[in-house]
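Enquirer: So that we are looking at the same thing, I have put the structure below in structure tokens.
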Amino acid sequence: MGQAIETVNPVIGQYTFQQHPVVVRQAGDENMLIEMGKLELDIEVRLIIHKLFELFEEEHAEGIVDLTPGIRSLQIHFDPCRISRNTLLQSLELALGKLEENEDITIPSRIVYLPLSWNDPQARLAMEKYQTTVHQDAPWCPDNIEFIRRINGLDSVDQVKEILFNANYLVLGLGDVYLGAPVATPLDPWQRLVTTKYNPARTWTPENAVGIGGAYMCVYGMEGPGGYQLCGRTLQMWNTYPKGELFSDEKPYLLRFFDQIRFFPVSAGELLRIRRDFPQGQYPLKIEETIFSLKEYKQFLLQNSKTIQRFKQKQTSAFEAEKNDWIRTGKLNFTQDTCMGNKSESDNEIPADLTPVVASVSGVLWKMLVKVGDKVKQGQPLLIMESMKMEITLQSHVNGIIKLQHGNSGKEMTVGDVIFAIDEE
């Protein structure tokens with residue numbers, strides 16, 4: 001018989017803070033993870049986590065390597081040669097006791113006014129690209145904003161716009177994936193638009209696109225993949241070469257924990273000029289200093305509880321109706337085969353006197369730049385493929401006329417598949 005494997009309980013501490021469960025887990029030799037509350041959005045829990053973050057940062061700076069706060073968690077990376085895990089646990093227990101005695105939890109906050117190009121052309125391009133190359137029948141295609149309206153039970157897309165521009169988005173996290181990207185939620189629960197995320201994910205998102213996923217709003221820190229439902233675009237969250245007063249070498253990111261984001265509308269053209277000037281310190285932002293009080297926030301929730309409850313009931317009904325429609329139409333579960341047609345052997349057959357243009361990688365045809373009958377020159381771009389989240393341009397290697405075309409935008413290709421056939425001059 002083999003030797004029994006001894007199991008070790010990773011839980012090294014359990015507490016209760018104002019009826020919120022607190023669990024501390026060992027996370028390797030040099031880390032511990034503090035988790036608080038239930039698996040749900042709770043701004044009070046986020047405030048407590050932030051206060052713990054500040055305490056450990058101030059009192060144990062010499063022994064702590066890094067602190068990573070989340071919505072309801074705090075990961076502590078420490079140097080065991082300089083501070084023990086037991087010392088950190090004792091500090092946690094004392095801190096929870098002190099916070100328990102406080103009648104209110106307050107924290108400095110800034111109201112940061114950000115320009116937003118509503119339904120920006122770059123956001124629409126991301127939607128179009130997804131529909132063409134990934135999932136043409138996705139419920140959020142062709143318009144993410146219409147999907148947000150429908151799944152939240154709103155009467156018009158103008159209501160979506162009104163809510164987004166009137167909401168105070170409280171920044172609960174930074175670096176949501178990368179480069180100072182904020183994860184934020186409206187302070188007023190009836191303004192918390194809820195959506196599903198893309199499945200499968202988008203392969204491309206423009207830098208600083210604004211999207212909603214779950215109950216959260218995010219501004220994408222850089223160009224890349226993503227899954228939030230897009231509604232517009234704003235200015236830069238990160239500045240690698242800091243200029244002006246808002247960025248520094250130590251903090252090259254714009255926002256701070258518990259900032260409040262307020263959007264105001266600008267045109268797509270205006271935003272392009274703002275995006276040009278802002279990293280150079282030539283576009284001033286309106287920022288108001290304030291204090292966020294948990295006590296006042298709880299009073300606000302109590303006073304508006306009926307309005308919040310009515311909206312949430314309507315929102316939940318719309319969400320369930322959307323889900324049931326997906327089940328009925330077979331859209332609940334998606335596989336790539338459902339939107340990509342099967343290829344036949346004849347797809348690669350061309351006359352012997354024509355010169356083929358073949359796929360150099362496996363991927364999806366994103367954009368056809370020429371058509372049958374067009375005269376092309378050597379080195380001229382013919383099409384753009386998308387492969388492994390990259391755009392790859394295929395060029396003509398001869399002069400001639402396009403005689404055949406196998407496949408249109410959205411078709412899946414493998415290495416060697418013929419896309420065009422050219423009658424060479």
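Going through the structure tokens in order, the chains are called A, B, and so on, while each chain numbers its residues from 1 and the ligands are numbered from 1 in the order shown.
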For the interface of region 149-207 of chain A with region 109-119 of chain A (cut-off 10 Å, counting only C-alpha atoms), please tabulate each contacting residue of region 149-207 of chain A alongside its nearest pair of atoms and their separation in Å to one decimal, rows sorted by chain and increasing number, as JSON lines.
Expert:
```
{"residue": "A:Lys161", "atom": "CA", "partner": "A:Trp118", "partner_atom": "CA", "distance": 7.9}
{"residue": "A:Leu164", "atom": "CA", "partner": "A:Trp118", "partner_atom": "CA", "distance": 9.8}
{"residue": "A:Phe165", "atom": "CA", "partner": "A:Leu116", "partner_atom": "CA", "distance": 8.8}
{"residue": "A:Asn168", "atom": "CA", "partner": "A:Ile111", "partner_atom": "CA", "distance": 8.2}
{"residue": "A:Tyr169", "atom": "CA", "partner": "A:Ile111", "partner_atom": "CA", "distance": 9.2}
{"residue": "A:Leu170", "atom": "CA", "partner": "A:Ile111", "partner_atom": "CA", "distance": 9.1}
{"residue": "A:Val171", "atom": "CA", "partner": "A:Ser109", "partner_atom": "CA", "distance": 9.6}
```
Enquirer: Export, as an mmCIF file, in the first residue's frame, the selected residues with N, CA, C and O atoms.
Expert:
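Generated file (out23.cif):
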```cif
data_model
loop_
_atom_site.group_PDB
_atom_site.id
_atom_site.type_symbol
_atom_site.label_atom_id
_atom_site.label_comp_id
_atom_site.auth_asym_id
_atom_site.auth_seq_id
_atom_site.Cartn_x
_atom_site.Cartn_y
_atom_site.Cartn_z
ATOM 1 N N LYS A 161 -27.377 55.919 -22.375
ATOM 2 C CA LYS A 161 -26.479 57.082 -22.436
ATOM 3 C C LYS A 161 -26.690 58.004 -21.240
ATOM 4 O O LYS A 161 -25.716 58.466 -20.609
ATOM 5 N N LEU A 164 -25.196 56.464 -18.049
ATOM 6 C CA LEU A 164 -23.739 56.446 -18.029
ATOM 7 C C LEU A 164 -23.155 57.828 -17.767
ATOM 8 O O LEU A 164 -22.190 57.980 -17.021
ATOM 9 N N PHE A 165 -23.760 58.864 -18.353
ATOM 10 C CA PHE A 165 -23.219 60.211 -18.175
ATOM 11 C C PHE A 165 -23.622 60.842 -16.842
ATOM 12 O O PHE A 165 -23.008 61.814 -16.414
ATOM 13 N N ASN A 168 -21.877 58.420 -10.996
ATOM 14 C CA ASN A 168 -20.579 58.593 -10.344
ATOM 15 C C ASN A 168 -19.959 57.204 -10.204
ATOM 16 O O ASN A 168 -20.395 56.415 -9.368
ATOM 17 N N TYR A 169 -18.953 56.923 -11.020
ATOM 18 C CA TYR A 169 -18.314 55.604 -10.987
ATOM 19 C C TYR A 169 -17.201 55.595 -9.942
ATOM 20 O O TYR A 169 -16.206 56.303 -10.081
ATOM 21 N N LEU A 170 -17.375 54.793 -8.917
ATOM 22 C CA LEU A 170 -16.389 54.690 -7.843
ATOM 23 C C LEU A 170 -15.321 53.669 -8.227
ATOM 24 O O LEU A 170 -15.628 52.502 -8.502
ATOM 25 N N VAL A 171 -14.053 54.092 -8.247
ATOM 26 C CA VAL A 171 -12.944 53.211 -8.644
ATOM 27 C C VAL A 171 -12.618 52.261 -7.492
ATOM 28 O O VAL A 171 -12.135 52.671 -6.446
#
```
Enquirer: Might you pull out every residue within 8 Å of Asp353 (chain A), with only C-alpha atoms counted and same-chain residues fewer than 2 positions away left off, and present them as an MDAnalysis selection string?
Expert: chainID A and resid 351 355 423
Enquirer: Quick one: residues within 10 Å of Pro69 (chain A), only C-alpha atoms, excluding same-chain residues fewer than 5 positions away - as a list in words?
Expert: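 Returned residues: Leu33, Ile34, Arg46, Ile49, His50, Leu52, Phe53, Leu74, Gln75, Ile76, Leu172, Gly173, Leu174 and Phe257 of chain A.
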Enquirer: Can you tell me, as a PyMOL selection string, what residues are no more than 12 Å from Ser362 (chain A) when counting only C-alpha atoms, ignoring any on the same chain fewer than 4 positions away?
Expert: chain A and resi 358+385-392+411-418
Enquirer: Selection from above, C-alpha atoms, as a compact mmCIF listing (two decimals), in the first residue's frame, can you write it?
Expert:
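Result file again.txt:
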```txt
# COMPACT_ATOMS: atom_id res chain seq x y z
CA VAL A 358 -2.27 31.45 -50.23
CA MET A 385 -6.04 38.13 -41.82
CA GLU A 386 -6.52 37.80 -38.08
CA SER A 387 -4.53 35.07 -36.38
CA MET A 388 -3.65 34.60 -32.70
CA LYS A 389 -4.95 38.10 -31.87
CA MET A 390 -2.70 39.65 -34.55
CA GLU A 391 -3.48 41.31 -37.86
CA ILE A 392 -1.41 39.96 -40.77
CA LYS A 411 -14.05 32.78 -43.49
CA GLU A 412 -11.63 30.56 -41.58
CA MET A 413 -8.48 29.62 -43.48
CA THR A 414 -5.61 27.24 -42.81
CA VAL A 415 -1.99 27.47 -43.95
CA GLY A 416 -1.79 26.93 -47.71
CA ASP A 417 -5.43 27.65 -48.50
CA VAL A 418 -5.87 29.60 -51.74
```
Enquirer: Per DSSP on the backbone, what are the helix (DSSP H, G or I) residues of region 67-272 of chain A, as JSON, numbers by chain?
Expert: {"A": [85, 86, 87, 88, 89, 90, 91, 92, 93, 94, 95, 96, 97, 98, 99, 100, 101, 121, 122, 123, 124, 125, 126, 127, 128, 129, 130, 131, 132, 133, 144, 145, 146, 147, 148, 149, 150, 151, 157, 158, 159, 160, 161, 162, 163, 164, 165, 166, 189, 190, 191, 268, 269, 270, 271, 272]}
